[in-house]
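See structure below.
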Amino acid sequence: MSKTIYVLNGPNLNLLGTREPHIYGRATLDDVEKLCRTTAAHHGLVVAFRQSNHEGEIVDWIQEARAEQAAGLLINPAGFTTTSIAILDALVTMEAPVIEVHISNIHAREEFRRHSYVSKVARAVICGFGINGYALAINGLAGMIGAKE
Ligand code: CA2
């Protein structure tokens, strides 16, 4: 098995830190990437960190993660959480654990944000911890796959 975990980010997350700080905080996506790399390194894991505003590109990356035998896959599907059967269908093919992450508490917001197609295949779901949720997810994933420090 590879030491690589994929961290995939959906639409508009490139804007992190520039708008709606009361919901998403002031950290940028670059800050999230650094946090993921540092956290993963503690477990001897490396990160393939990606963001796209395009559904098909995210599907391609999920297929890439499977082909590369990634150790795990974290995904914040953002706006595709509630709509994308294509992303669900791609995730179903993953043998490695899939973890769903949301920065905000999606259950404390509009009702439509509460339904997630991705949750149907995710081994775990984290929401409401801000960007620290990514670190929590990587630590949890490392435990699941028995990664060594
Ligand atoms: O809380 C999350 O991480 C979300 O996945 C973020 C999505 C939202 O559609 C989900 O319901 C919950 C939105 C991502 C957009 O991110 C922005 C960040 C800063 C400024 C503007 C958009």
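Quick note on naming: the chains in the structure tokens go A, B, ... in the order shown, residues restart at 1 in each chain, and ligands are numbered from 1 in order of appearance.
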
With ligand 1 as the partner and 8 Å as the cut-off, tabulate the residues of chain A that qualify, each row holding the nearest pair of atoms and their distance in Å to one decimal, using only C-alpha atoms and all ligand atoms, sorted by chain and rising number, as CSV.
```
residue,atom,partner,partner_atom_place_in_ligand_line,distance
A:Gly10,CA,ligand 1,14 (C),7.2
A:Pro11,CA,ligand 1,14 (C),6.2
A:Asn12,CA,ligand 1,15 (C),4.4
A:Leu13,CA,ligand 1,16 (O),4.2
A:Asn14,CA,ligand 1,18 (C),7.1
A:Leu15,CA,ligand 1,19 (C),4.7
A:Leu16,CA,ligand 1,19 (C),3.8
A:Gly17,CA,ligand 1,19 (C),5.8
A:Thr18,CA,ligand 1,20 (C),5.8
A:Arg19,CA,ligand 1,20 (C),4.1
A:Glu20,CA,ligand 1,20 (C),5.2
A:Pro21,CA,ligand 1,19 (C),6.9
A:Ile23,CA,ligand 1,1 (O),7.8
A:Tyr24,CA,ligand 1,18 (C),5.9
A:Asn76,CA,ligand 1,5 (O),5.5
A:Pro77,CA,ligand 1,5 (O),5.9
A:Ala78,CA,ligand 1,5 (O),3.4
A:Gly79,CA,ligand 1,9 (O),3.9
A:Phe80,CA,ligand 1,9 (O),7.4
A:Thr81,CA,ligand 1,10 (C),7.0
A:Thr82,CA,ligand 1,11 (O),7.9
A:Val101,CA,ligand 1,3 (O),6.6
A:His102,CA,ligand 1,3 (O),3.4
A:Ile103,CA,ligand 1,3 (O),3.7
A:Ser104,CA,ligand 1,1 (O),3.6
A:Asn105,CA,ligand 1,1 (O),6.3
A:Ile106,CA,ligand 1,11 (O),5.8
A:Arg113,CA,ligand 1,11 (O),4.9
A:Arg114,CA,ligand 1,11 (O),7.8
A:Cys127,CA,ligand 1,1 (O),6.9
A:Gly128,CA,ligand 1,1 (O),7.2
A:Gly130,CA,ligand 1,1 (O),7.8
```

What's around Lys34 (chain A) at 12 Å? Count only C-alpha atoms, leave out sequence neighbours fewer than 5 positions away in its own chain, and write the answer as number ranges by chain. A: 7, 27-29, 39-41, 46-49, 131-132, 134-135

Hey, can you spit out that residue selection with N, CA and C atoms as a PDB file, in the first residue's frame?
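File produced: part30.pdb:
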```
ATOM      1  N   VAL A   7      -6.230  14.372  -0.408  1.00  0.00           N
ATOM      2  CA  VAL A   7      -7.118  15.329   0.255  1.00  0.00           C
ATOM      3  C   VAL A   7      -7.743  16.177  -0.848  1.00  0.00           C
ATOM      4  N   ALA A  27      -8.485  31.203   7.900  1.00  0.00           N
ATOM      5  CA  ALA A  27      -7.394  30.430   7.286  1.00  0.00           C
ATOM      6  C   ALA A  27      -7.663  30.238   5.793  1.00  0.00           C
ATOM      7  N   THR A  28      -6.599  30.187   5.027  1.00  0.00           N
ATOM      8  CA  THR A  28      -6.716  29.987   3.585  1.00  0.00           C
ATOM      9  C   THR A  28      -6.545  28.497   3.243  1.00  0.00           C
ATOM     10  N   LEU A  29      -6.798  28.181   1.964  1.00  0.00           N
ATOM     11  CA  LEU A  29      -6.617  26.784   1.536  1.00  0.00           C
ATOM     12  C   LEU A  29      -5.136  26.388   1.610  1.00  0.00           C
ATOM     13  N   THR A  39       0.431  17.263   9.586  1.00  0.00           N
ATOM     14  CA  THR A  39      -0.249  16.204  10.355  1.00  0.00           C
ATOM     15  C   THR A  39       0.072  14.835   9.770  1.00  0.00           C
ATOM     16  N   ALA A  40       0.017  14.729   8.451  1.00  0.00           N
ATOM     17  CA  ALA A  40       0.282  13.444   7.796  1.00  0.00           C
ATOM     18  C   ALA A  40       1.721  12.991   8.047  1.00  0.00           C
ATOM     19  N   ALA A  41       2.660  13.956   8.036  1.00  0.00           N
ATOM     20  CA  ALA A  41       4.081  13.616   8.221  1.00  0.00           C
ATOM     21  C   ALA A  41       4.321  12.953   9.572  1.00  0.00           C
ATOM     22  N   VAL A  46       2.264  10.914   3.233  1.00  0.00           N
ATOM     23  CA  VAL A  46       2.392  12.097   2.372  1.00  0.00           C
ATOM     24  C   VAL A  46       1.030  12.404   1.755  1.00  0.00           C
ATOM     25  N   VAL A  47       0.859  13.672   1.366  1.00  0.00           N
ATOM     26  CA  VAL A  47      -0.462  14.149   0.951  1.00  0.00           C
ATOM     27  C   VAL A  47      -0.442  14.591  -0.514  1.00  0.00           C
ATOM     28  N   ALA A  48      -1.436  14.132  -1.256  1.00  0.00           N
ATOM     29  CA  ALA A  48      -1.734  14.702  -2.580  1.00  0.00           C
ATOM     30  C   ALA A  48      -2.923  15.630  -2.356  1.00  0.00           C
ATOM     31  N   PHE A  49      -2.659  16.938  -2.372  1.00  0.00           N
ATOM     32  CA  PHE A  49      -3.674  17.926  -1.989  1.00  0.00           C
ATOM     33  C   PHE A  49      -4.207  18.610  -3.235  1.00  0.00           C
ATOM     34  N   ILE A 131     -10.971  24.361  10.217  1.00  0.00           N
ATOM     35  CA  ILE A 131      -9.983  23.624   9.413  1.00  0.00           C
ATOM     36  C   ILE A 131      -9.280  22.544  10.229  1.00  0.00           C
ATOM     37  N   ASN A 132      -9.368  22.635  11.554  1.00  0.00           N
ATOM     38  CA  ASN A 132      -8.766  21.584  12.381  1.00  0.00           C
ATOM     39  C   ASN A 132      -9.400  20.219  12.109  1.00  0.00           C
ATOM     40  N   TYR A 134      -9.613  18.820   9.352  1.00  0.00           N
ATOM     41  CA  TYR A 134      -8.735  18.078   8.425  1.00  0.00           C
ATOM     42  C   TYR A 134      -7.657  17.313   9.211  1.00  0.00           C
ATOM     43  N   ALA A 135      -7.099  17.985  10.232  1.00  0.00           N
ATOM     44  CA  ALA A 135      -6.067  17.320  11.050  1.00  0.00           C
ATOM     45  C   ALA A 135      -6.687  16.159  11.828  1.00  0.00           C
TER      46      ALA A 135
END
```

Students should find that CA of Ser116 (chain A) and CA of Ile75 (chain A) are spaced 12.0 Å

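Non-sequential neighbours of Val59 (chain A) (distance at most 10 Å, separation of 5 or more positions within a chain, only C-alpha atoms) are His54, Glu64, Ala65, Ser84, Ala86, Ile87, Leu88, Asp89, Ala90 and Leu91 of chain A.
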
Which of these residues is nearest to Asn9 (chain A), using only C-alpha atoms: A:Leu136, A:Ile126, A:Ala147, A:Val32?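 Smallest distance to Asn9 (chain A) is found for A:Val32.
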
Would you kindly return, as a PyMOL selection string, each protein, DNA or RNA residue with an atom no farther than 9 Å from any atom of Trp61 (chain A), considering only C-alpha atoms and excluding same-chain residues fewer than 3 positions away? chain A and resi 6+8+50+56-58+64-66

Can you measure CA of Glu100 (chain A) to CA of Leu73 (chain A) for me? One decimal in Å is fine. 8.6 Å

When DSSP is applied to the backbone of this structure, which of region 55-145 of chain A are assigned alpha helix (DSSP H)? Write them out as number ranges by chain. A: 55-67, 85-92, 132-145

Write out the residues from the selection above, keeping N, CA and C atoms, as an mmCIF file, in the first residue's frame.
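Writing the result to out_2.cif gives the following:
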```cif
data_model
loop_
_atom_site.group_PDB
_atom_site.id
_atom_site.type_symbol
_atom_site.label_atom_id
_atom_site.label_comp_id
_atom_site.auth_asym_id
_atom_site.auth_seq_id
_atom_site.Cartn_x
_atom_site.Cartn_y
_atom_site.Cartn_z
ATOM 1 N N GLU A 55 -16.734 19.116 -11.175
ATOM 2 C CA GLU A 55 -17.118 17.795 -10.672
ATOM 3 C C GLU A 55 -16.307 16.668 -11.325
ATOM 4 N N GLY A 56 -16.175 16.731 -12.667
ATOM 5 C CA GLY A 56 -15.476 15.669 -13.391
ATOM 6 C C GLY A 56 -14.016 15.556 -12.989
ATOM 7 N N GLU A 57 -13.405 16.696 -12.683
ATOM 8 C CA GLU A 57 -11.992 16.672 -12.272
ATOM 9 C C GLU A 57 -11.866 15.950 -10.925
ATOM 10 N N ILE A 58 -12.817 16.170 -10.058
ATOM 11 C CA ILE A 58 -12.793 15.474 -8.754
ATOM 12 C C ILE A 58 -12.998 13.972 -8.967
ATOM 13 N N VAL A 59 -13.901 13.601 -9.870
ATOM 14 C CA VAL A 59 -14.097 12.177 -10.205
ATOM 15 C C VAL A 59 -12.773 11.588 -10.724
ATOM 16 N N ASP A 60 -12.085 12.320 -11.610
ATOM 17 C CA ASP A 60 -10.797 11.842 -12.149
ATOM 18 C C ASP A 60 -9.793 11.608 -11.019
ATOM 19 N N TRP A 61 -9.762 12.507 -10.046
ATOM 20 C CA TRP A 61 -8.784 12.377 -8.950
ATOM 21 C C TRP A 61 -9.122 11.197 -8.043
ATOM 22 N N ILE A 62 -10.420 10.938 -7.862
ATOM 23 C CA ILE A 62 -10.805 9.760 -7.061
ATOM 24 C C ILE A 62 -10.342 8.487 -7.789
ATOM 25 N N GLN A 63 -10.548 8.465 -9.098
ATOM 26 C CA GLN A 63 -10.082 7.299 -9.875
ATOM 27 C C GLN A 63 -8.561 7.177 -9.807
ATOM 28 N N GLU A 64 -7.876 8.328 -9.830
ATOM 29 C CA GLU A 64 -6.404 8.322 -9.709
ATOM 30 C C GLU A 64 -5.987 7.754 -8.344
ATOM 31 N N ALA A 65 -6.668 8.184 -7.290
ATOM 32 C CA ALA A 65 -6.337 7.689 -5.940
ATOM 33 C C ALA A 65 -6.477 6.170 -5.885
ATOM 34 N N ARG A 66 -7.505 5.653 -6.507
ATOM 35 C CA ARG A 66 -7.710 4.200 -6.523
ATOM 36 C C ARG A 66 -6.595 3.518 -7.313
ATOM 37 N N ALA A 67 -6.285 4.081 -8.505
ATOM 38 C CA ALA A 67 -5.254 3.478 -9.358
ATOM 39 C C ALA A 67 -3.889 3.496 -8.676
ATOM 40 N N ILE A 85 -24.031 12.390 -7.543
ATOM 41 C CA ILE A 85 -24.041 10.932 -7.648
ATOM 42 C C ILE A 85 -22.763 10.473 -8.358
ATOM 43 N N ALA A 86 -22.211 11.307 -9.236
ATOM 44 C CA ALA A 86 -20.964 10.947 -9.936
ATOM 45 C C ALA A 86 -19.813 10.778 -8.941
ATOM 46 N N ILE A 87 -19.730 11.676 -7.974
ATOM 47 C CA ILE A 87 -18.676 11.556 -6.953
ATOM 48 C C ILE A 87 -18.959 10.344 -6.064
ATOM 49 N N LEU A 88 -20.200 10.136 -5.690
ATOM 50 C CA LEU A 88 -20.552 8.935 -4.915
ATOM 51 C C LEU A 88 -20.145 7.674 -5.670
ATOM 52 N N ASP A 89 -20.488 7.590 -6.958
ATOM 53 C CA ASP A 89 -20.175 6.392 -7.747
ATOM 54 C C ASP A 89 -18.673 6.147 -7.820
ATOM 55 N N ALA A 90 -17.900 7.227 -7.910
ATOM 56 C CA ALA A 90 -16.436 7.078 -7.942
ATOM 57 C C ALA A 90 -15.919 6.609 -6.582
ATOM 58 N N LEU A 91 -16.463 7.163 -5.516
ATOM 59 C CA LEU A 91 -15.988 6.800 -4.165
ATOM 60 C C LEU A 91 -16.314 5.353 -3.819
ATOM 61 N N VAL A 92 -17.412 4.847 -4.341
ATOM 62 C CA VAL A 92 -17.799 3.454 -4.071
ATOM 63 C C VAL A 92 -16.688 2.490 -4.492
ATOM 64 N N ASN A 132 -9.368 22.635 11.554
ATOM 65 C CA ASN A 132 -8.766 21.584 12.381
ATOM 66 C C ASN A 132 -9.400 20.219 12.109
ATOM 67 N N GLY A 133 -10.599 20.223 11.529
ATOM 68 C CA GLY A 133 -11.243 18.964 11.153
ATOM 69 C C GLY A 133 -10.393 18.141 10.192
ATOM 70 N N TYR A 134 -9.613 18.820 9.352
ATOM 71 C CA TYR A 134 -8.735 18.078 8.425
ATOM 72 C C TYR A 134 -7.657 17.313 9.211
ATOM 73 N N ALA A 135 -7.099 17.985 10.232
ATOM 74 C CA ALA A 135 -6.067 17.320 11.050
ATOM 75 C C ALA A 135 -6.687 16.159 11.828
ATOM 76 N N LEU A 136 -7.869 16.389 12.390
ATOM 77 C CA LEU A 136 -8.552 15.312 13.126
ATOM 78 C C LEU A 136 -8.813 14.124 12.201
ATOM 79 N N ALA A 137 -9.214 14.426 10.976
ATOM 80 C CA ALA A 137 -9.517 13.363 10.007
ATOM 81 C C ALA A 137 -8.257 12.573 9.655
ATOM 82 N N ILE A 138 -7.138 13.266 9.471
ATOM 83 C CA ILE A 138 -5.885 12.571 9.123
ATOM 84 C C ILE A 138 -5.422 11.703 10.296
ATOM 85 N N ASN A 139 -5.527 12.248 11.509
ATOM 86 C CA ASN A 139 -5.149 11.441 12.682
ATOM 87 C C ASN A 139 -6.044 10.201 12.794
ATOM 88 N N GLY A 140 -7.328 10.385 12.580
ATOM 89 C CA GLY A 140 -8.254 9.244 12.637
ATOM 90 C C GLY A 140 -7.980 8.235 11.543
ATOM 91 N N LEU A 141 -7.703 8.722 10.347
ATOM 92 C CA LEU A 141 -7.393 7.840 9.223
ATOM 93 C C LEU A 141 -6.113 7.045 9.497
ATOM 94 N N ALA A 142 -5.106 7.739 10.043
ATOM 95 C CA ALA A 142 -3.831 7.064 10.353
ATOM 96 C C ALA A 142 -4.078 5.909 11.318
ATOM 97 N N GLY A 143 -4.963 6.151 12.298
ATOM 98 C CA GLY A 143 -5.320 5.068 13.232
ATOM 99 C C GLY A 143 -5.998 3.913 12.518
ATOM 100 N N MET A 144 -6.889 4.224 11.617
ATOM 101 C CA MET A 144 -7.621 3.192 10.865
ATOM 102 C C MET A 144 -6.701 2.301 10.052
ATOM 103 N N ILE A 145 -5.696 2.928 9.435
ATOM 104 C CA ILE A 145 -4.837 2.162 8.521
ATOM 105 C C ILE A 145 -3.576 1.670 9.207
#
```

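Between CA of His115 (chain A) and CA of Val98 (chain A) lies a distance of 17.1 Å.
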
For Ile99 (chain A), the closest of A:Lys120, A:Gln69, A:Gly44, A:Thr83 counting only C-alpha atoms is A:Lys120

Using DSSP on the backbone coordinates, identify the residues of region 3-56 of chain A assigned to strand (DSSP E or B); present them as a list in words.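 Residues of region 3-56 of chain A classed as strand (DSSP E or B): Thr4, Ile5, Tyr6, Val7, Leu8, Asn9, Val46, Val47, Ala48, Phe49, Arg50 and Gln51 of chain A.
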